[in-house]
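The data block below is query_13.txt; it holds compact mmCIF, C-alpha atoms.
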# COMPACT_ATOMS: atom_id res chain seq x y z
CA MET A 17 84.36 2.66 -70.70
CA GLU A 18 85.29 0.32 -67.85
CA LYS A 19 83.81 -0.80 -64.55
CA ALA A 20 84.49 1.60 -61.67
CA TYR A 21 86.16 -0.95 -59.39
CA LYS A 22 88.58 -2.02 -62.12
CA LEU A 23 89.59 1.56 -62.85
CA LEU A 24 90.04 2.23 -59.14
CA ALA A 25 92.12 -0.92 -58.67
CA GLU A 26 94.43 0.19 -61.46
CA GLN A 27 94.68 3.77 -60.19
CA GLU A 28 95.40 2.78 -56.59
CA GLU A 29 97.43 -0.34 -57.49
CA ILE A 30 95.22 -2.57 -55.35
CA SER A 31 93.22 -5.74 -55.99
CA ASN A 32 89.79 -5.68 -57.61
CA LYS A 33 88.36 -7.07 -54.36
CA LYS A 34 89.84 -4.24 -52.30
CA ALA A 35 88.59 -1.69 -54.82
CA LYS A 36 85.04 -3.07 -54.62
CA GLU A 37 85.24 -2.95 -50.83
CA LEU A 38 86.28 0.71 -50.82
CA ILE A 39 83.37 1.64 -53.09
CA ASP A 40 80.88 -0.42 -51.06
CA ARG A 41 82.03 1.35 -47.90
CA GLY A 42 81.25 4.73 -49.43
CA LEU A 43 84.87 5.93 -49.43
CA VAL A 44 85.33 6.62 -53.14
CA TYR A 45 84.47 9.89 -54.90
CA VAL A 46 84.75 11.51 -58.31
CA LEU A 47 84.98 15.23 -57.56
CA ASP A 48 82.19 15.75 -54.98
CA ARG A 49 80.07 12.76 -56.05
CA LYS A 50 80.23 9.45 -54.19
CA VAL A 51 80.70 6.37 -56.36
CA LYS A 52 77.82 4.14 -55.28
CA ILE A 53 77.98 1.20 -57.71
CA ALA A 54 81.23 -0.74 -58.05
CA ARG A 55 80.24 -2.17 -61.44
CA ALA A 56 79.13 1.16 -62.91
CA GLU A 57 80.66 1.85 -66.34
CA MET A 58 82.88 4.93 -66.26
CA PRO A 59 85.31 6.68 -68.68
CA GLU A 60 88.79 5.20 -68.56
CA ASP A 61 90.35 8.57 -67.67
CA THR A 62 88.21 8.93 -64.51
CA ARG A 63 90.22 10.06 -61.48
CA PHE A 64 89.03 8.90 -58.08
CA ARG A 65 89.46 10.30 -54.58
CA VAL A 66 89.56 7.80 -51.72
CA GLU A 67 88.60 9.09 -48.29
CA SER A 68 90.42 7.81 -45.21
CA ILE A 69 88.77 6.62 -41.99
CA ASP A 70 89.64 8.39 -38.75
CA LYS A 71 91.59 6.53 -36.07
CA VAL A 72 89.69 4.42 -33.54
CA ASN A 73 90.10 5.94 -30.06
CA ILE A 74 89.56 4.11 -26.77
CA ILE A 75 87.67 6.33 -24.32
CA TYR A 76 87.85 3.96 -21.34
CA GLN A 77 88.52 0.33 -20.48
CA ASP A 78 88.53 -1.91 -17.42
CA GLU A 79 87.91 -5.59 -16.66
CA ASN A 80 84.27 -5.34 -17.79
CA ILE A 81 84.02 -2.89 -20.65
CA VAL A 82 85.77 -1.08 -23.49
CA ALA A 83 84.26 2.23 -24.63
CA ILE A 84 85.23 3.34 -28.14
CA ASN A 85 84.77 6.56 -30.07
CA LYS A 86 83.84 4.90 -33.36
CA PRO A 87 84.76 6.88 -36.47
CA ALA A 88 82.23 7.24 -39.26
CA LEU A 89 82.41 4.84 -42.23
CA LEU A 90 83.58 1.92 -40.09
CA ASP A 91 81.29 -1.03 -39.41
CA SER A 92 80.71 -1.84 -35.75
CA TYR A 93 81.81 -5.47 -36.15
CA GLU A 94 85.24 -4.34 -37.37
CA LEU A 95 86.08 -2.64 -34.08
CA ALA A 96 87.36 -5.70 -32.25
CA ASP A 97 90.04 -6.07 -34.93
CA ALA A 98 90.80 -2.35 -34.93
CA ILE A 99 91.53 -2.24 -31.19
CA GLU A 100 93.31 -5.62 -31.17
CA GLU A 101 91.09 -7.05 -28.44
CA ASP A 102 90.64 -10.82 -28.71
CA GLU A 103 87.99 -11.34 -26.03
CA THR A 104 85.47 -8.58 -26.52
CA GLU A 105 81.92 -8.67 -27.85
CA LEU A 106 79.71 -5.84 -29.04
CA ILE A 107 77.06 -4.78 -26.55
CA HIS A 108 75.20 -2.74 -29.19
CA ARG A 109 75.79 -1.38 -32.70
CA LEU A 110 75.93 1.89 -34.60
CA ASP A 111 75.23 2.33 -38.31
CA ARG A 112 78.35 2.53 -40.49
CA ASP A 113 77.86 6.26 -41.09
CA THR A 114 77.26 7.06 -37.42
CA SER A 115 80.23 8.08 -35.27
CA GLY A 116 80.42 8.09 -31.49
CA VAL A 117 80.33 5.96 -28.35
CA LEU A 118 80.26 2.22 -28.91
CA LEU A 119 80.57 -0.33 -26.11
CA LEU A 120 82.16 -3.77 -26.02
CA ALA A 121 81.98 -6.25 -23.13
CA ARG A 122 85.06 -8.03 -21.84
CA ASN A 123 83.29 -10.91 -20.10
CA GLU A 124 80.09 -12.90 -20.52
CA ALA A 125 78.55 -11.88 -17.19
CA PHE A 126 78.81 -8.16 -17.95
CA LEU A 127 77.54 -8.71 -21.50
CA GLU A 128 74.41 -10.41 -20.17
CA ASP A 129 73.80 -7.60 -17.66
CA ALA A 130 74.27 -4.97 -20.36
CA ILE A 131 71.90 -6.66 -22.80
CA LYS A 132 69.32 -6.90 -20.02
CA ALA A 133 69.74 -3.18 -19.28
CA PHE A 134 69.07 -2.38 -22.94
CA LYS A 135 65.96 -4.57 -23.02
CA GLU A 136 64.63 -2.97 -19.83
CA ARG A 137 65.33 0.54 -21.19
CA LYS A 138 67.75 1.34 -18.39
CA VAL A 139 70.30 2.78 -20.83
CA LYS A 140 70.44 6.51 -21.58
CA LYS A 141 71.70 7.56 -25.03
CA ARG A 142 72.24 11.07 -26.34
CA TYR A 143 73.06 11.97 -29.93
CA VAL A 144 73.80 15.13 -31.92
CA ALA A 145 73.06 15.65 -35.60
CA TRP A 146 72.81 18.24 -38.33
CA VAL A 147 69.37 18.28 -39.94
CA GLU A 148 67.71 19.90 -42.92
CA GLY A 149 65.75 23.09 -42.24
CA VAL A 150 65.36 25.45 -39.28
CA PHE A 151 64.61 23.59 -36.04
CA PHE A 152 63.89 25.91 -33.12
CA GLU A 153 61.84 24.22 -30.37
CA GLU A 154 62.00 20.99 -28.36
CA THR A 155 59.86 18.28 -29.89
CA THR A 156 58.86 14.80 -28.71
CA ILE A 157 58.14 12.32 -31.50
CA ASP A 158 55.97 9.37 -30.44
CA ALA A 159 55.39 7.23 -33.52
CA PRO A 160 55.62 3.42 -33.95
CA ILE A 161 58.30 2.07 -36.29
CA ALA A 162 58.26 -1.05 -38.48
CA THR A 163 61.39 -2.38 -40.20
CA HIS A 164 61.71 -4.55 -43.29
CA LYS A 165 64.29 -5.43 -45.93
CA GLN A 166 64.54 -3.26 -49.03
CA GLY A 167 67.20 -4.09 -51.59
CA GLY A 168 68.90 -6.36 -49.07
CA LYS A 169 69.17 -3.55 -46.50
CA ALA A 170 67.07 -2.57 -43.50
CA PHE A 171 64.47 0.11 -44.13
CA SER A 172 62.23 1.51 -41.43
CA GLU A 173 59.00 3.47 -41.59
CA ILE A 174 56.32 4.81 -39.31
CA ASN A 175 53.50 2.28 -39.30
CA GLU A 176 50.58 2.59 -36.89
CA LYS A 177 49.45 -1.03 -37.41
CA ARG A 178 52.67 -3.04 -37.54
CA GLY A 179 55.12 -0.70 -35.85
CA LYS A 180 56.68 -1.06 -32.40
CA PRO A 181 56.50 1.86 -29.92
CA ALA A 182 59.25 4.46 -30.47
CA ILE A 183 59.85 7.76 -28.69
CA THR A 184 62.46 10.39 -29.60
CA VAL A 185 63.08 13.79 -27.98
CA VAL A 186 64.78 16.43 -30.15
CA ARG A 187 66.21 19.73 -28.83
CA PRO A 188 67.70 22.62 -30.85
CA ILE A 189 71.37 23.54 -30.36
CA GLU A 190 72.17 26.00 -33.15
CA ILE A 191 71.04 27.14 -36.58
CA GLN A 192 73.38 27.74 -39.52
CA GLY A 193 71.64 28.99 -42.66
CA LYS A 194 69.04 26.37 -43.58
CA LYS A 195 70.62 23.65 -41.46
CA SER A 196 70.20 23.03 -37.71
CA LYS A 197 72.26 21.22 -35.12
CA VAL A 198 70.11 19.23 -32.68
CA GLU A 199 70.49 17.05 -29.62
CA ILE A 200 68.53 13.81 -29.60
CA GLU A 201 67.54 11.49 -26.78
CA ILE A 202 65.90 8.17 -27.57
CA MET A 203 63.66 6.35 -25.13
CA THR A 204 63.51 3.22 -27.32
CA GLY A 205 66.00 1.59 -29.68
CA ARG A 206 64.32 0.79 -32.99
CA THR A 207 66.28 0.30 -36.21
CA HIS A 208 66.99 3.71 -37.81
CA GLN A 209 64.71 5.31 -35.20
CA ILE A 210 66.39 8.73 -35.17
CA ARG A 211 66.62 8.88 -38.95
CA VAL A 212 62.97 7.92 -39.50
CA HIS A 213 61.57 10.15 -36.76
CA LEU A 214 63.50 13.24 -37.87
CA SER A 215 62.46 12.64 -41.48
CA SER A 216 58.82 12.32 -40.37
CA ILE A 217 58.78 15.88 -39.01
CA GLY A 218 60.42 17.35 -42.09
CA HIS A 219 63.99 17.50 -40.75
CA PRO A 220 65.93 14.54 -42.20
CA ILE A 221 69.56 14.25 -41.13
CA VAL A 222 71.98 15.93 -43.54
CA GLY A 223 73.41 13.35 -45.94
CA ASP A 224 70.67 10.79 -45.23
CA GLU A 225 69.40 10.41 -48.79
CA ARG A 226 67.64 7.15 -47.86
CA TYR A 227 65.29 9.07 -45.58
CA GLY A 228 64.85 12.28 -47.52
CA SER A 229 67.92 14.52 -47.24
CA VAL A 230 68.55 16.60 -50.34
CA THR A 231 72.08 17.58 -49.29
CA ARG A 232 75.16 15.65 -50.39
CA SER A 233 77.54 14.72 -47.59
CA LYS A 234 80.37 12.26 -47.06
CA ARG A 235 78.13 10.55 -44.53
CA VAL A 236 74.93 10.84 -42.52
CA LEU A 237 75.79 13.59 -39.99
CA LEU A 238 74.80 11.73 -36.82
CA HIS A 239 77.03 11.28 -33.75
CA ALA A 240 76.36 9.12 -30.68
CA LYS A 241 77.68 11.60 -28.13
CA ALA A 242 76.95 9.99 -24.76
CA ILE A 243 75.74 6.77 -23.18
CA SER A 244 75.26 5.55 -19.61
CA LEU A 245 74.44 2.10 -18.23
CA LEU A 246 75.16 -0.07 -15.20
CA GLY A 247 76.89 2.77 -13.35
CA TYR A 248 79.11 3.74 -16.28
CA ALA A 249 78.85 6.99 -18.25
CA PHE A 250 80.84 7.84 -21.38
CA GLU A 251 81.00 10.75 -23.79
CA ALA A 252 82.65 10.81 -27.24
CA LYS A 253 84.31 13.91 -28.63
CA GLU A 254 82.48 15.27 -31.68
CA PRO A 255 84.34 14.95 -35.01
CA LYS A 256 84.95 18.05 -37.11
CA ASP A 257 81.95 17.54 -39.39
CA ILE A 258 79.64 17.51 -36.32
CA VAL A 259 81.28 20.35 -34.36
CA LYS A 260 80.46 22.77 -37.18
CA TYR A 261 78.57 22.30 -40.42
CA LYS A 262 81.05 23.38 -43.12
Turn the structure described in the file into structure tokens.
Amino acid sequence: MEKAYKLLAEQEEISNKKAKELIDRGLVYVLDRKVKIARAEMPEDTRFRVESIDKVNIIYQDENIVAINKPALLDSYELADAIEEDETELIHRLDRDTSGVLLLARNEAFLEDAIKAFKERKVKKRYVAWVEGVFFEETTIDAPIATHKQGGKAFSEINEKRGKPAITVVRPIEIQGKKSKVEIEIMTGRTHQIRVHLSSIGHPIVGDERYGSVTRSKRVLLHAKAISLLGYAFEAKEPKDIVKYK
């Protein structure tokens, strides 16, 4: 038996540090099971599969803004390096697993205006996701959300006493077996809002084990499809795993 990251480093002929990073990013599998713990003891003949990250595509850019179609499994803060832009700053963030439209500001004045627009809820955001179960009618979820640290990571929950107001509108798009594709519009921007709200009505996002999904997936099947603010409007093409569920 040997630690997973050491076996991976040997198999891929990379450093132990790089191997740990690949496992931590959720890119390493044994058959159809994701390797979640870099230091897990595994048989020395274990064969790993390392998933690749899709290319970062620029949707639009001008003197104020760069709009990116962020691939899943890439952290938001890594985008500036990926697009080779020295003077950009993130306007907002998406979870590592979430793909879709992400915006960066090219100057301080626009960044301040954009942050203000977010705070004043003058930004419209539309998502699509695959969820557990059959979802067949439009639903508005109005439930306060509180966020705290759990195991060093953010964890959110519906909490009537400590939570901040959160509103999510969910609309059905299609049904495939016991999974449903939905469109989501959020009126507020709480941490993990979509994931928590969908879980609360019995339809966690496919692959979102943290919030109740029972289905294995390479990632949480959530895509930030469209966003508009300050006179701009952008839409990101859906990746293959969102266009159709398997």
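Among the candidate residues A:Leu23, A:Val230, A:Ala249, A:Leu47, the one lying nearest to Glu60 (chain A) is A:Leu23, with distances computed using all atoms listed in the file.
Near region 186-200 of chain A, within 7 Å and counting only C-alpha atoms, sit Arg142, Tyr143, Val144, Ala145, Trp146, Val147, Glu148, Gly149, Val150, Phe151, Phe152, Glu153, Glu154, Thr155, Thr156, Thr184 and Ile202 of chain A; same-chain residues fewer than 2 positions away were not included.
In terms of minimum interatomic distance to Val212 (chain A), A:Ala162 ranks closest within A:Leu237, A:Ile258, A:Ala162, A:Ala133, counting all atoms listed in the file.
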Next item on the list: Using only C-alpha atoms, pick whichever of A:Lys180, A:Glu18, A:Ile157, A:Gly205 has the shortest atom-to-atom distance to Ile217 (chain A).
Entry: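 Going through A:Lys180, A:Glu18, A:Ile157, A:Gly205 one by one, the smallest distance to Ile217 (chain A) is for A:Ile157.
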Check: Distance CA of Pro181 (chain A)-CA of Glu136 (chain A), one decimal place?
Finding: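 Calculated distance between CA of Pro181 (chain A) and CA of Glu136 (chain A) is 13.8 Å.
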Please provide as an mmCIF file with C-alpha atoms, in the frame of the given file all residues within 10 Å of Lys33 (chain A), with the sequence filter that same-chain residues fewer than 6 positions apart are discarded (counting all atoms listed in the file).
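As written to disk, part_19.cif reads:
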data_model
loop_
_atom_site.group_PDB
_atom_site.id
_atom_site.type_symbol
_atom_site.label_atom_id
_atom_site.label_comp_id
_atom_site.auth_asym_id
_atom_site.auth_seq_id
_atom_site.Cartn_x
_atom_site.Cartn_y
_atom_site.Cartn_z
ATOM 1 C CA TYR A 21 86.160 -0.950 -59.390
ATOM 2 C CA LYS A 22 88.580 -2.020 -62.120
ATOM 3 C CA ALA A 25 92.120 -0.920 -58.670
#
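The spacing separating CA of Ile107 (chain A) from CA of Val185 (chain A) amounts to 23.3 Å.
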Check: From the list A:Leu110, A:Leu127, A:Ile243, A:Leu238, which residue is nearest Thr207 (chain A) when using only C-alpha atoms?
Finding: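 Distance minimum relative to Thr207 (chain A) lands on A:Leu110.
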Checklist line | Residue with smallest distance to Ser216 (chain A) - pool A:Leu38, A:Leu43, A:Ala159, A:Ile30, counting all atoms listed in the file | finding: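 Under the stated criterion, the closest residue is A:Ala159.
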Could you write region 118-132 of chain A of the block just shown to a file containing all heavy atoms, as a JSON list (two decimals), in the first residue's frame?
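Below you can see result09.json, which holds the result:
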[["chain", "number", "residue", "atom", "x", "y", "z"],
["A", 118, "LEU", "N", -18.13, 34.38, -16.41],
["A", 118, "LEU", "CA", -17.42, 35.01, -15.31],
["A", 118, "LEU", "C", -16.82, 36.32, -15.83],
["A", 118, "LEU", "O", -16.27, 36.35, -16.93],
["A", 118, "LEU", "CB", -16.31, 34.10, -14.79],
["A", 118, "LEU", "CG", -15.64, 34.53, -13.49],
["A", 118, "LEU", "CD1", -16.62, 34.49, -12.32],
["A", 118, "LEU", "CD2", -14.45, 33.63, -13.18],
["A", 119, "LEU", "N", -16.95, 37.37, -15.02],
["A", 119, "LEU", "CA", -16.55, 38.71, -15.47],
["A", 119, "LEU", "C", -15.34, 39.24, -14.73],
["A", 119, "LEU", "O", -15.22, 39.09, -13.51],
["A", 119, "LEU", "CB", -17.72, 39.68, -15.29],
["A", 119, "LEU", "CG", -19.05, 39.29, -15.94],
["A", 119, "LEU", "CD1", -20.10, 40.34, -15.64],
["A", 119, "LEU", "CD2", -18.88, 39.09, -17.44],
["A", 120, "LEU", "N", -14.44, 39.87, -15.49],
["A", 120, "LEU", "CA", -13.28, 40.54, -14.91],
["A", 120, "LEU", "C", -13.28, 42.00, -15.36],
["A", 120, "LEU", "O", -13.63, 42.31, -16.51],
["A", 120, "LEU", "CB", -11.98, 39.88, -15.35],
["A", 120, "LEU", "CG", -11.78, 38.41, -14.97],
["A", 120, "LEU", "CD1", -12.29, 37.49, -16.08],
["A", 120, "LEU", "CD2", -10.30, 38.12, -14.70],
["A", 121, "ALA", "N", -12.89, 42.90, -14.46],
["A", 121, "ALA", "CA", -12.83, 44.33, -14.78],
["A", 121, "ALA", "C", -11.42, 44.70, -15.24],
["A", 121, "ALA", "O", -10.43, 44.16, -14.74],
["A", 121, "ALA", "CB", -13.21, 45.15, -13.57],
["A", 122, "ARG", "N", -11.36, 45.65, -16.17],
["A", 122, "ARG", "CA", -10.07, 46.07, -16.70],
["A", 122, "ARG", "C", -9.59, 47.40, -16.14],
["A", 122, "ARG", "O", -8.48, 47.83, -16.43],
["A", 122, "ARG", "CB", -10.15, 46.16, -18.23],
["A", 122, "ARG", "CG", -9.82, 44.85, -18.91],
["A", 122, "ARG", "CD", -9.71, 45.04, -20.39],
["A", 122, "ARG", "NE", -8.84, 44.03, -20.98],
["A", 122, "ARG", "CZ", -8.83, 43.72, -22.27],
["A", 122, "ARG", "NH1", -9.66, 44.35, -23.08],
["A", 122, "ARG", "NH2", -8.01, 42.82, -22.74],
["A", 123, "ASN", "N", -10.44, 48.06, -15.34],
["A", 123, "ASN", "CA", -10.00, 49.29, -14.70],
["A", 123, "ASN", "C", -10.76, 49.47, -13.38],
["A", 123, "ASN", "O", -11.82, 48.89, -13.17],
["A", 123, "ASN", "CB", -10.19, 50.51, -15.62],
["A", 123, "ASN", "CG", -11.64, 50.69, -16.05],
["A", 123, "ASN", "OD1", -12.49, 51.07, -15.23],
["A", 123, "ASN", "ND2", -11.94, 50.41, -17.31],
["A", 124, "GLU", "N", -10.19, 50.25, -12.51],
["A", 124, "GLU", "CA", -10.71, 50.40, -11.14],
["A", 124, "GLU", "C", -12.09, 51.04, -11.12],
["A", 124, "GLU", "O", -12.96, 50.66, -10.33],
["A", 124, "GLU", "CB", -9.74, 51.23, -10.30],
["A", 124, "GLU", "CG", -9.91, 51.06, -8.81],
["A", 124, "GLU", "CD", -9.60, 49.65, -8.34],
["A", 124, "GLU", "OE1", -8.68, 49.02, -8.88],
["A", 124, "GLU", "OE2", -10.32, 49.19, -7.43],
["A", 125, "ALA", "N", -12.31, 52.02, -11.99],
["A", 125, "ALA", "CA", -13.60, 52.72, -12.01],
["A", 125, "ALA", "C", -14.74, 51.76, -12.37],
["A", 125, "ALA", "O", -15.80, 51.76, -11.73],
["A", 125, "ALA", "CB", -13.55, 53.88, -13.00],
["A", 126, "PHE", "N", -14.52, 50.93, -13.38],
["A", 126, "PHE", "CA", -15.57, 49.99, -13.77],
["A", 126, "PHE", "C", -15.77, 48.94, -12.69],
["A", 126, "PHE", "O", -16.91, 48.51, -12.42],
["A", 126, "PHE", "CB", -15.22, 49.32, -15.10],
["A", 126, "PHE", "CG", -16.33, 48.46, -15.63],
["A", 126, "PHE", "CD1", -17.39, 49.02, -16.34],
["A", 126, "PHE", "CD2", -16.35, 47.09, -15.39],
["A", 126, "PHE", "CE1", -18.44, 48.23, -16.81],
["A", 126, "PHE", "CE2", -17.39, 46.29, -15.86],
["A", 126, "PHE", "CZ", -18.44, 46.87, -16.57],
["A", 127, "LEU", "N", -14.69, 48.50, -12.05],
["A", 127, "LEU", "CA", -14.79, 47.51, -10.98],
["A", 127, "LEU", "C", -15.68, 48.04, -9.86],
["A", 127, "LEU", "O", -16.56, 47.32, -9.35],
["A", 127, "LEU", "CB", -13.40, 47.17, -10.44],
["A", 127, "LEU", "CG", -13.36, 46.19, -9.26],
["A", 127, "LEU", "CD1", -13.92, 44.84, -9.66],
["A", 127, "LEU", "CD2", -11.93, 46.04, -8.74],
["A", 128, "GLU", "N", -15.47, 49.28, -9.48],
["A", 128, "GLU", "CA", -16.27, 49.88, -8.40],
["A", 128, "GLU", "C", -17.74, 49.96, -8.79],
["A", 128, "GLU", "O", -18.63, 49.67, -7.98],
["A", 128, "GLU", "CB", -15.73, 51.27, -8.06],
["A", 128, "GLU", "CG", -14.37, 51.25, -7.36],
["A", 128, "GLU", "CD", -13.85, 52.65, -7.07],
["A", 128, "GLU", "OE1", -14.59, 53.63, -7.33],
["A", 128, "GLU", "OE2", -12.70, 52.77, -6.60],
["A", 129, "ASP", "N", -18.00, 50.35, -10.04],
["A", 129, "ASP", "CA", -19.40, 50.43, -10.51],
["A", 129, "ASP", "C", -20.05, 49.05, -10.52],
["A", 129, "ASP", "O", -21.22, 48.90, -10.17],
["A", 129, "ASP", "CB", -19.44, 51.03, -11.92],
["A", 129, "ASP", "CG", -19.13, 52.52, -11.94],
["A", 129, "ASP", "OD1", -19.17, 53.14, -10.86],
["A", 129, "ASP", "OD2", -18.84, 53.05, -13.03],
["A", 130, "ALA", "N", -19.29, 48.05, -10.94],
["A", 130, "ALA", "CA", -19.83, 46.69, -11.01],
["A", 130, "ALA", "C", -20.14, 46.14, -9.63],
["A", 130, "ALA", "O", -21.18, 45.52, -9.40],
["A", 130, "ALA", "CB", -18.85, 45.78, -11.74],
["A", 131, "ILE", "N", -19.23, 46.35, -8.69],
["A", 131, "ILE", "CA", -19.44, 45.88, -7.32],
["A", 131, "ILE", "C", -20.68, 46.56, -6.72],
["A", 131, "ILE", "O", -21.49, 45.92, -6.03],
["A", 131, "ILE", "CB", -18.20, 46.15, -6.45],
["A", 131, "ILE", "CG1", -17.05, 45.24, -6.90],
["A", 131, "ILE", "CG2", -18.50, 45.93, -4.97],
["A", 131, "ILE", "CD1", -15.73, 45.53, -6.23],
["A", 132, "LYS", "N", -20.83, 47.83, -7.01],
["A", 132, "LYS", "CA", -22.01, 48.57, -6.53],
["A", 132, "LYS", "C", -23.29, 47.98, -7.13],
["A", 132, "LYS", "O", -24.30, 47.83, -6.44],
["A", 132, "LYS", "CB", -21.88, 50.04, -6.91],
["A", 132, "LYS", "CG", -23.02, 50.91, -6.38],
["A", 132, "LYS", "CD", -22.82, 52.37, -6.77],
["A", 132, "LYS", "CE", -23.99, 53.22, -6.26],
["A", 132, "LYS", "NZ", -23.84, 54.64, -6.66]]
